[in-house]
Each structure stands twice: as C-alpha cells, then as structure tokens.
file query.cif (mmCIF, C-alpha atoms)
data_coords
#
loop_
_atom_site.label_atom_id
_atom_site.label_comp_id
_atom_site.auth_asym_id
_atom_site.auth_seq_id
_atom_site.Cartn_x
_atom_site.Cartn_y
_atom_site.Cartn_z
CA MET N 1 1.28 -42.64 26.43
CA LYS N 2 4.64 -43.63 25.11
CA GLN N 3 3.31 -43.39 21.54
CA GLU N 4 1.89 -39.97 22.24
CA ARG N 5 5.23 -38.81 23.61
CA THR N 6 7.00 -40.18 20.54
CA GLU N 7 4.59 -38.36 18.23
CA ASN N 8 5.06 -35.11 20.10
CA HIS N 9 8.81 -35.53 19.92
CA GLN N 10 8.63 -36.11 16.16
CA LEU N 11 6.43 -33.06 15.67
CA GLY N 12 8.82 -30.95 17.67
CA THR N 13 11.76 -32.15 15.64
CA LEU N 14 9.84 -31.52 12.41
CA ALA N 15 9.02 -27.99 13.49
CA VAL N 16 12.65 -27.29 14.31
CA LEU N 17 13.80 -28.69 10.99
CA THR N 18 11.19 -26.68 9.11
CA VAL N 19 12.22 -23.43 10.74
CA PHE N 20 15.86 -24.26 10.06
CA CYS N 21 15.10 -24.89 6.37
CA VAL N 22 13.22 -21.61 6.12
CA PHE N 23 16.21 -19.89 7.69
CA ALA N 24 18.60 -21.54 5.22
CA VAL N 25 16.42 -20.54 2.25
CA CYS N 26 16.29 -16.94 3.49
CA ILE N 27 20.07 -16.83 3.84
CA LEU N 28 20.54 -18.21 0.33
CA THR N 29 18.05 -15.72 -1.08
CA VAL N 30 19.81 -12.76 0.51
CA ILE N 31 23.22 -13.99 -0.63
CA LEU N 32 22.01 -14.53 -4.21
CA PHE N 33 20.37 -11.10 -4.28
CA GLY N 34 23.53 -9.50 -2.97
CA ALA N 35 25.69 -11.31 -5.52
CA LYS N 36 23.38 -10.23 -8.32
CA ALA N 37 23.45 -6.62 -7.12
CA TYR N 38 27.25 -6.68 -6.92
CA GLN N 39 27.51 -8.20 -10.40
CA SER N 40 25.17 -5.54 -11.81
CA LEU N 41 27.21 -2.85 -10.06
CA ASN N 42 30.44 -4.13 -11.57
CA GLU N 43 28.96 -4.39 -15.05
CA GLN N 44 27.68 -0.83 -14.97
CA SER N 45 30.99 0.40 -13.57
CA GLU N 46 32.85 -1.35 -16.36
CA GLU N 47 30.50 0.09 -18.97
CA ASN N 48 30.94 3.59 -17.54
CA TYR N 49 34.71 3.18 -17.50
CA GLN N 50 34.88 1.99 -21.12
CA SER N 51 32.60 4.73 -22.45
CA ARG N 52 34.35 7.44 -20.46
CA THR N 53 37.87 6.27 -21.37
CA LEU N 54 37.05 6.04 -25.07
CA SER N 55 35.48 9.48 -24.99
CA LEU N 56 38.36 11.07 -23.08
CA PHE N 57 41.03 9.48 -25.22
CA LEU N 58 39.49 10.65 -28.50
CA SER N 59 38.73 14.14 -27.20
CA GLY N 60 42.23 14.44 -25.72
CA LYS N 61 43.89 13.46 -28.98
CA LEU N 62 41.78 15.86 -31.01
CA ARG N 63 42.10 18.80 -28.62
CA GLN N 64 45.89 18.57 -28.47
CA ALA N 65 46.12 18.60 -32.25
CA GLN N 66 47.95 21.61 -33.64
CA LEU N 67 45.87 21.87 -36.79
CA GLN N 68 42.38 20.70 -35.97
CA SER N 69 41.07 22.15 -39.20
CA GLU N 70 43.28 19.68 -41.13
CA VAL N 71 41.83 16.59 -39.46
CA THR N 72 40.81 14.08 -42.11
CA VAL N 73 38.59 11.03 -42.22
CA THR N 74 39.56 8.12 -44.47
CA ALA N 75 38.94 4.41 -44.67
CA PHE N 76 41.58 2.35 -42.84
CA GLY N 77 41.51 -0.76 -40.72
CA ASP N 78 38.00 -2.08 -40.03
CA GLY N 79 36.18 1.19 -40.68
CA ASP N 80 36.85 4.89 -40.71
CA CYS N 81 40.15 6.40 -39.65
CA ILE N 82 40.74 9.82 -38.13
CA GLY N 83 43.95 11.44 -39.33
CA ILE N 84 45.50 14.21 -37.21
CA PRO N 85 48.40 15.87 -39.03
CA GLU N 86 51.18 17.83 -37.37
CA GLU N 87 54.44 19.42 -38.44
CA LEU N 88 57.67 18.58 -36.64
CA ASP N 89 61.01 20.13 -37.65
CA GLY N 90 59.71 20.90 -41.12
CA GLU N 91 58.44 17.37 -41.73
CA TRP N 92 54.79 16.36 -41.81
CA TYR N 93 53.64 13.53 -39.59
CA CYS N 94 50.22 12.15 -38.86
CA THR N 95 48.47 10.33 -36.04
CA TRP N 96 45.87 7.88 -37.28
CA LEU N 97 43.11 6.61 -35.01
CA TYR N 98 41.19 3.58 -36.29
CA CYS N 99 39.74 0.24 -35.22
CA LYS N 100 41.23 -3.12 -36.06
CA ASP N 101 40.14 -6.54 -34.77
CA GLY N 102 38.13 -5.10 -31.90
CA TRP N 103 40.81 -2.65 -30.76
CA LEU N 104 41.14 1.10 -31.09
CA MET N 105 44.54 1.57 -32.66
CA GLU N 106 46.88 4.54 -32.82
CA LEU N 107 49.51 4.85 -35.52
CA PHE N 108 51.99 7.71 -35.65
CA GLY N 109 54.25 8.11 -38.64
CA GLU N 110 55.20 10.10 -41.70
CA ALA N 111 52.18 11.57 -43.40
CA ASP N 112 53.15 10.38 -46.89
CA PHE N 113 54.09 6.82 -45.98
CA GLU N 114 51.59 4.01 -46.51
CA TYR N 115 51.25 1.87 -43.40
CA GLU N 116 49.42 -1.35 -42.67
CA PRO N 117 46.62 -1.39 -40.06
CA GLU N 118 48.48 -4.00 -38.03
CA GLU N 119 51.38 -1.63 -37.43
CA GLY N 120 49.39 0.55 -35.06
CA GLU N 121 49.48 0.34 -31.29
CA LYS N 122 46.52 -1.09 -29.42
CA ILE N 123 44.95 1.45 -27.12
CA LEU N 124 41.71 0.00 -25.80
CA ARG N 125 38.88 -2.29 -26.81
CA ALA N 126 36.49 -0.63 -29.28
CA ASP N 127 34.85 -1.37 -32.59
CA ASP N 128 32.75 0.09 -35.42
CA LEU N 129 34.50 3.43 -35.55
CA GLU N 130 32.64 5.83 -37.84
CA ALA N 131 33.58 9.44 -38.39
CA GLU N 132 32.61 12.29 -40.66
CA VAL N 133 33.52 15.95 -40.96
CA THR N 134 30.72 18.34 -41.87
CA ASP N 135 31.18 22.11 -41.85
CA GLY N 136 34.09 21.97 -39.40
CA ILE N 137 32.34 19.58 -37.03
CA LEU N 138 33.72 16.10 -36.55
CA SER N 139 31.17 13.46 -35.57
CA VAL N 140 32.57 10.21 -34.17
CA ARG N 141 30.67 7.04 -33.33
CA ALA N 142 32.12 3.86 -31.90
CA ARG N 143 31.17 0.86 -29.79
CA THR N 144 32.84 -0.24 -26.57
CA GLU N 145 33.75 -3.83 -25.82
CA ASN N 146 30.30 -4.39 -24.30
CA GLY N 147 28.59 -3.08 -27.44
CA ALA N 148 27.50 0.20 -25.84
CA PRO N 149 27.46 3.01 -28.42
CA VAL N 150 29.55 6.12 -27.84
CA SER N 151 28.79 9.22 -29.87
CA LEU N 152 31.00 12.32 -29.77
CA THR N 153 31.07 15.66 -31.54
CA PHE N 154 34.04 17.98 -31.85
CA ALA N 155 34.28 21.47 -33.25
CA LEU N 156 37.49 21.58 -35.27
CA ARG N 157 39.18 24.91 -34.76
CA GLY N 158 41.87 26.50 -36.86
CA GLY N 159 45.43 26.02 -35.65
CA GLU N 160 46.79 29.53 -36.07
CA ALA N 161 47.01 31.50 -32.82
CA MET A 1 12.82 -33.62 26.06
CA LYS A 2 9.79 -31.62 25.19
CA ASP A 3 11.25 -28.58 26.92
CA LYS A 4 14.47 -28.98 24.95
CA ALA A 5 12.62 -29.10 21.62
CA THR A 6 10.55 -26.09 22.57
CA LEU A 7 13.65 -24.21 23.67
CA THR A 8 15.43 -25.06 20.40
CA LEU A 9 12.42 -23.95 18.42
CA MET A 10 12.23 -20.68 20.29
CA GLU A 11 15.96 -20.10 19.76
CA LEU A 12 15.55 -20.74 16.05
CA LEU A 13 12.62 -18.39 15.81
CA ILE A 14 14.54 -15.62 17.56
CA MET A 15 17.48 -16.32 15.25
CA VAL A 16 15.23 -16.03 12.18
CA LEU A 17 13.76 -12.82 13.53
CA VAL A 18 17.18 -11.24 14.07
CA PHE A 19 18.36 -12.45 10.68
CA SER A 20 15.25 -11.00 9.04
CA LEU A 21 16.02 -7.60 10.50
CA ALA A 22 19.60 -7.74 9.25
CA ALA A 23 18.54 -9.09 5.87
CA ALA A 24 16.02 -6.29 5.44
CA LEU A 25 18.78 -3.72 5.95
CA CYS A 26 21.08 -5.57 3.56
CA LEU A 27 18.43 -5.85 0.87
CA LYS A 28 17.72 -2.14 1.22
CA ALA A 29 21.43 -1.42 0.72
CA PHE A 30 21.59 -3.69 -2.32
CA VAL A 31 18.61 -1.99 -3.94
CA TRP A 32 20.08 1.45 -3.16
CA SER A 33 23.45 0.49 -4.69
CA THR A 34 21.80 -0.79 -7.86
CA GLN A 35 19.79 2.40 -8.23
CA LYS A 36 22.89 4.52 -7.60
CA ALA A 37 24.86 2.64 -10.24
CA GLN A 38 22.04 3.23 -12.71
CA GLU A 39 21.98 6.94 -11.85
CA ASN A 40 25.75 7.18 -12.31
CA ARG A 41 25.53 5.56 -15.72
CA VAL A 42 22.82 7.96 -16.84
CA THR A 43 24.76 10.96 -15.48
CA ALA A 44 27.92 9.90 -17.33
CA GLU A 45 25.96 9.49 -20.57
CA ALA A 46 24.31 12.88 -20.03
CA ALA A 47 27.74 14.50 -19.52
CA ILE A 48 29.12 13.04 -22.76
CA PHE A 49 25.98 14.05 -24.63
CA ALA A 50 26.05 17.61 -23.25
CA GLN A 51 29.73 17.99 -24.15
CA SER A 52 29.05 16.84 -27.71
CA GLU A 53 26.16 19.28 -28.00
CA ALA A 54 28.38 22.07 -26.66
CA GLU A 55 31.01 21.26 -29.27
CA ARG A 56 28.36 21.36 -31.98
CA LEU A 57 27.19 24.78 -30.81
CA LYS A 58 30.79 26.03 -30.70
CA GLY A 59 31.29 24.86 -34.25
CA THR A 60 28.09 26.35 -35.65
CA ARG A 61 28.04 29.36 -33.27
CA GLN A 62 24.29 29.29 -33.44
CA ALA A 63 22.23 28.56 -30.38
CA SER A 64 18.47 28.60 -30.52
CA GLU A 65 16.32 28.44 -27.43
CA GLY A 66 14.18 25.37 -27.06
CA ILE A 67 13.64 21.93 -25.64
CA ARG A 68 14.56 18.77 -27.49
CA TYR A 69 13.62 15.23 -26.56
CA PHE A 70 15.78 12.12 -26.73
CA ASP A 71 15.17 8.43 -26.22
CA GLU A 72 17.18 6.10 -23.97
CA ASP A 73 19.90 5.79 -26.65
CA TRP A 74 20.21 9.58 -26.83
CA GLN A 75 18.67 9.68 -30.28
CA PRO A 76 16.14 12.41 -31.19
CA ALA A 77 12.63 11.42 -30.19
CA GLU A 78 9.16 12.84 -29.95
CA GLU A 79 7.79 14.41 -26.78
CA ASP A 80 7.59 11.03 -25.06
CA GLY A 81 11.37 10.65 -24.97
CA CYS A 82 13.36 9.67 -21.88
CA TYR A 83 15.52 12.79 -21.67
CA THR A 84 15.19 16.46 -22.50
CA LEU A 85 17.83 18.99 -23.53
CA THR A 86 17.00 22.60 -22.77
CA THR A 87 19.07 25.22 -24.57
CA VAL A 88 19.09 28.79 -23.28
CA PRO A 89 21.20 31.01 -25.54
CA TYR A 90 23.39 33.80 -24.20
CA SER A 91 24.20 36.83 -26.26
CA GLY A 92 26.85 39.32 -25.23
CA GLU A 93 28.89 41.99 -26.95
CA LEU A 94 31.94 39.85 -27.63
CA LEU A 95 30.86 36.47 -26.40
CA GLY A 96 28.16 34.16 -27.57
CA GLY A 97 27.08 31.07 -25.76
CA ALA A 98 24.36 28.99 -24.27
CA GLU A 99 23.43 27.06 -21.18
CA LEU A 100 22.63 23.40 -21.71
CA LEU A 101 20.49 21.51 -19.23
CA VAL A 102 19.91 17.78 -19.50
CA GLU A 103 17.00 16.40 -17.52
CA ASP A 104 15.05 13.19 -17.32
CA THR A 105 11.30 13.01 -17.85
CA ARG A 106 10.70 13.52 -14.11
CA GLY A 107 12.46 16.86 -14.27
CA HIS A 108 15.57 15.74 -12.36
CA GLU A 109 18.67 17.59 -13.48
CA LEU A 110 21.25 15.17 -14.87
CA PHE A 111 23.91 17.55 -16.16
CA ARG A 112 24.31 21.28 -16.69
CA LEU A 113 26.90 22.87 -18.94
CA THR A 114 27.69 26.43 -19.91
CA VAL A 115 29.37 26.97 -23.27
CA ARG A 116 30.89 30.22 -24.51
CA TRP A 117 32.59 31.25 -27.72
CA GLN A 118 34.08 34.42 -29.03
CA GLU A 119 31.94 36.11 -31.60
CA ASP A 120 33.52 37.30 -34.81
CA ALA A 121 34.55 40.95 -34.63
CA ALA A 122 32.21 43.15 -36.63
#
call {"tool": "encode", "arguments": {"input": "query.cif", "output": "structure tokens"}}
result
Amino acid sequence: MKQERTENHQLGTLAVLTVFCVFAVCILTVILFGAKAYQSLNEQSEENYQSRTLSLFLSGKLRQAQLQSEVTVTAFGDGDCIGIPEELDGEWYCTWLYCKDGWLMELFGEADFEYEPEEGEKILRADDLEAEVTDGILSVRARTENGAPVSLTFALRGGEA
Amino acid sequence: MKDKATLTLMELLIMVLVFSLAAALCLKAFVWSTQKAQENRVTAEAAIFAQSEAERLKGTRQASEGIRYFDEDWQPAEEDGCYTLTTVPYSGELLGGAELLVEDTRGHELFRLTVRWQEDAA
C-alpha cells in the first residue's frame, strides 16, 4: 500500500516535470523564432537603407549638376570615378565620386589639379563602383556594404536653360 | 498529496494551454513581419529599377509598348522571370512619355511610374 502510494506520487511528480519541460521548450522555441524574425527584419531594413541611401545620394549629386552633359567617367580610386564639372566665378571645379577602401568618396576641387584618392571625404560604405556613359545615358553600378548590387541609370541633360 | 499533484498538473496544463494561445498569436505576428519586410525590400528594388528605366526612356525618348521579364537580380530573363515590366507609351502633341508598371509573377503591382518628356519641336 505504502509502495503503491510512493509509486503514484513519483508518477505524479514525473508528469508535472514533463509538462513543465514541454512548457519550457515551447517558450524557448517561441523566443528563438521571435529573435530570428527580428534579426531578419533588421537585416532587410539595413539593406533597404543602404541601397536607398546610395541611390539617392548619387541621383541627388547628378541631378543638381549644372552641366550634366559634361559628366565624365574616368579611372580613379578602386574603380571608376564620376566627374561632375561646374563653373564658379569663372573658374572650373569638379566633384569626383569614386570608391576607395570600401567607401564611397566625394572629392571637390579644381578641375585641373591632380588629387590623390585618399584626399576625398568618406560618404558611405560602398564598393565596386562602375560607370559608363553611352549616348547621353549614364549607367552606374555599385555594391553596398552587404554586397547587394545597386544599378542606376541617369539621362544626362544639357545644362543650358 | 495525490490531490496536490493532480492540482499542480492541471494548473500546468492550463498554463500551457494559455501560453499556446499567446504563442500562436506571436508566431503569426512574427511570420507577418518577416513577409512584410520582404515585400518592402522588393518594393524598394522595384522603385529604383523603375526610376532607372524612366531615366533611360527620357534619355532615348523612345518608348515601345511591351512586357519584359527580369530575374530576382533585376537582370533580363526569359518568360519565367520573377518580375515583369510593362511599358505603355504615351504620345501627345508636345509631350512624349510612357507608363511603367512593375509586377511580380503573380500579377501583384509593385511600383507604377509615369514618365514624360518634351518632344523636340518640329
């Protein structure tokens, strides 16, 4: 009788412990799933932000150029370089956009002066900048910090009003 | 003693049941948020792609009606691509243009853009 009571007590305790373990596993599963979902959300947000910022920065720089038809593409830094010339007080200056050591760099200076790639200002993380001008259309390709490709096309218009 | 163990077991079972209900709602929210993030990413890519295509049309000033297919990296693909770009040209007296519609393979509209340019005077 006493043994039977002891066995029943042990079975009851075992059942309680089993249900508690199942409960703990369920909690852990939900927490892990939620953490994974949040991490995925953040990664996609970051990717969107980098692609969008790179795209907006390049398009903003090109659209505010006075002489879009004079935009040039040369080799500078770690790849291609987009040169946006402008005239200020009778002097010619140029804004160069290029990539160097994983950064999109911007360098503004006299058009005729030879600068070093390290003299530019870091704008944002980007790499593998490629550009070409064909029939008045500038095609730009780059990669964000996460390696996502960004491809843009701009119609270069004449600067005269 | 036996009653206490039974009571504890019943309490635990009710607790698991309530937690299961809450967890089901949470899991549904997590799945929804992941899907929404994916949709946002695709929409942002479609917007950038449509803007680039609009710039290309503005530069060439030639819009031809048709449907083009693109893969998941927005590269030209055959008819089994992930996305489609539908171009509907517009022709006016002084203005040229087109309407660009980016859709996925299920026909859901991702991004729509209208582009106009001034035609050269005759």
call {"tool": "resolve_selection", "arguments": {"input": "query.cif", "expression": "the PyMOL selection byres ((chain N) within 9 of (chain A))", "output": "PyMOL selection string"}}
result
chain N and resi 5+8-9+12-13+15-17+19-20+22-23+26-27+30+33-34+37-38+40-42+44-45+47-48+51-52+55+135-139+149-157
call {"tool": "residues_around", "arguments": {"input": "query.cif", "residues": "N:Gly77", "least_positions_apart": "3", "cutoff": "9 Å", "atoms": "all atoms listed in the file", "output": "ChimeraX atom specification"}}
result
/N:80-81,98-101,105,116-118
call {"tool": "atom_distance", "arguments": {"input": "query.cif", "atom1": "atom CA of A:Gly97", "atom2": "atom CA of A:Thr84"}}
result
19.1 Å
call {"tool": "resolve_selection", "arguments": {"input": "query.cif", "expression": "the PyMOL selection byres ((chain N and resi 102) around 9)", "output": "mmCIF file with C-alpha atoms, in the coordinates of the input"}}
result
data_model
loop_
_atom_site.group_PDB
_atom_site.id
_atom_site.type_symbol
_atom_site.label_atom_id
_atom_site.label_comp_id
_atom_site.auth_asym_id
_atom_site.auth_seq_id
_atom_site.Cartn_x
_atom_site.Cartn_y
_atom_site.Cartn_z
ATOM 1 C CA ASP N 78 38.000 -2.080 -40.030
ATOM 2 C CA CYS N 99 39.740 0.240 -35.220
ATOM 3 C CA LYS N 100 41.230 -3.120 -36.060
ATOM 4 C CA ASP N 101 40.140 -6.540 -34.770
ATOM 5 C CA TRP N 103 40.810 -2.650 -30.760
ATOM 6 C CA LEU N 104 41.140 1.100 -31.090
ATOM 7 C CA LEU N 124 41.710 0.000 -25.800
ATOM 8 C CA ARG N 125 38.880 -2.290 -26.810
ATOM 9 C CA ALA N 126 36.490 -0.630 -29.280
ATOM 10 C CA ASP N 127 34.850 -1.370 -32.590
ATOM 11 C CA ASP N 128 32.750 0.090 -35.420
ATOM 12 C CA THR N 144 32.840 -0.240 -26.570
ATOM 13 C CA GLU N 145 33.750 -3.830 -25.820
#
call {"tool": "residues_around", "arguments": {"input": "query.cif", "residues": "A:Thr105", "least_positions_apart": "5", "cutoff": "12 Å", "atoms": "all atoms listed in the file", "output": "list in words"}}
result
Arg68, Tyr69, Phe70, Asp71, Glu72, Glu79, Asp80, Gly81, Cys82, Tyr83, Thr84, Leu85 and Leu110 of chain A
call {"tool": "residues_around", "arguments": {"input": "query.cif", "residues": "N:Leu58", "least_positions_apart": "5", "cutoff": "10 Å", "atoms": "all atoms listed in the file", "output": "list in words"}}
result
Thr53, Arg63, Ile82, Leu97, Val140, Leu152 and Phe154 of chain N
call {"tool": "residues_near_point", "arguments": {"input": "query.cif", "point": "(18.6, 22.8, -24.3)", "cutoff": "9 Å", "atoms": "only C-alpha atoms", "output": "ChimeraX atom specification"}}
result
/A:64-68,84-89,98-102
call {"tool": "closest_residue", "arguments": {"input": "query.cif", "among": "N:Phe108, N:Phe57, N:Tyr49, N:Phe76", "to": "N:Leu129", "atoms": "all atoms listed in the file"}}
result
N:Phe76
call {"tool": "atom_distance", "arguments": {"input": "query.cif", "atom1": "atom CA of A:Val115", "atom2": "atom CA of N:Glu70"}}
result
23.8 Å
call {"tool": "atom_distance", "arguments": {"input": "query.cif", "atom1": "atom CA of N:Asn146", "atom2": "atom CA of A:Gln75"}}
result
19.2 Å
call {"tool": "resolve_selection", "arguments": {"input": "query.cif", "expression": "the PyMOL selection byres ((chain A and resi 119) around 12)", "output": "mmCIF file with C-alpha atoms, in the coordinates of the input"}}
result
data_model
loop_
_atom_site.group_PDB
_atom_site.id
_atom_site.type_symbol
_atom_site.label_atom_id
_atom_site.label_comp_id
_atom_site.auth_asym_id
_atom_site.auth_seq_id
_atom_site.Cartn_x
_atom_site.Cartn_y
_atom_site.Cartn_z
ATOM 1 C CA LYS A 58 30.790 26.030 -30.700
ATOM 2 C CA GLY A 59 31.290 24.860 -34.250
ATOM 3 C CA THR A 60 28.090 26.350 -35.650
ATOM 4 C CA ARG A 61 28.040 29.360 -33.270
ATOM 5 C CA GLN A 62 24.290 29.290 -33.440
ATOM 6 C CA TYR A 90 23.390 33.800 -24.200
ATOM 7 C CA SER A 91 24.200 36.830 -26.260
ATOM 8 C CA GLY A 92 26.850 39.320 -25.230
ATOM 9 C CA GLU A 93 28.890 41.990 -26.950
ATOM 10 C CA LEU A 94 31.940 39.850 -27.630
ATOM 11 C CA LEU A 95 30.860 36.470 -26.400
ATOM 12 C CA GLY A 96 28.160 34.160 -27.570
ATOM 13 C CA GLY A 97 27.080 31.070 -25.760
ATOM 14 C CA ARG A 116 30.890 30.220 -24.510
ATOM 15 C CA TRP A 117 32.590 31.250 -27.720
ATOM 16 C CA GLN A 118 34.080 34.420 -29.030
ATOM 17 C CA ASP A 120 33.520 37.300 -34.810
ATOM 18 C CA ALA A 121 34.550 40.950 -34.630
ATOM 19 C CA ALA A 122 32.210 43.150 -36.630
#
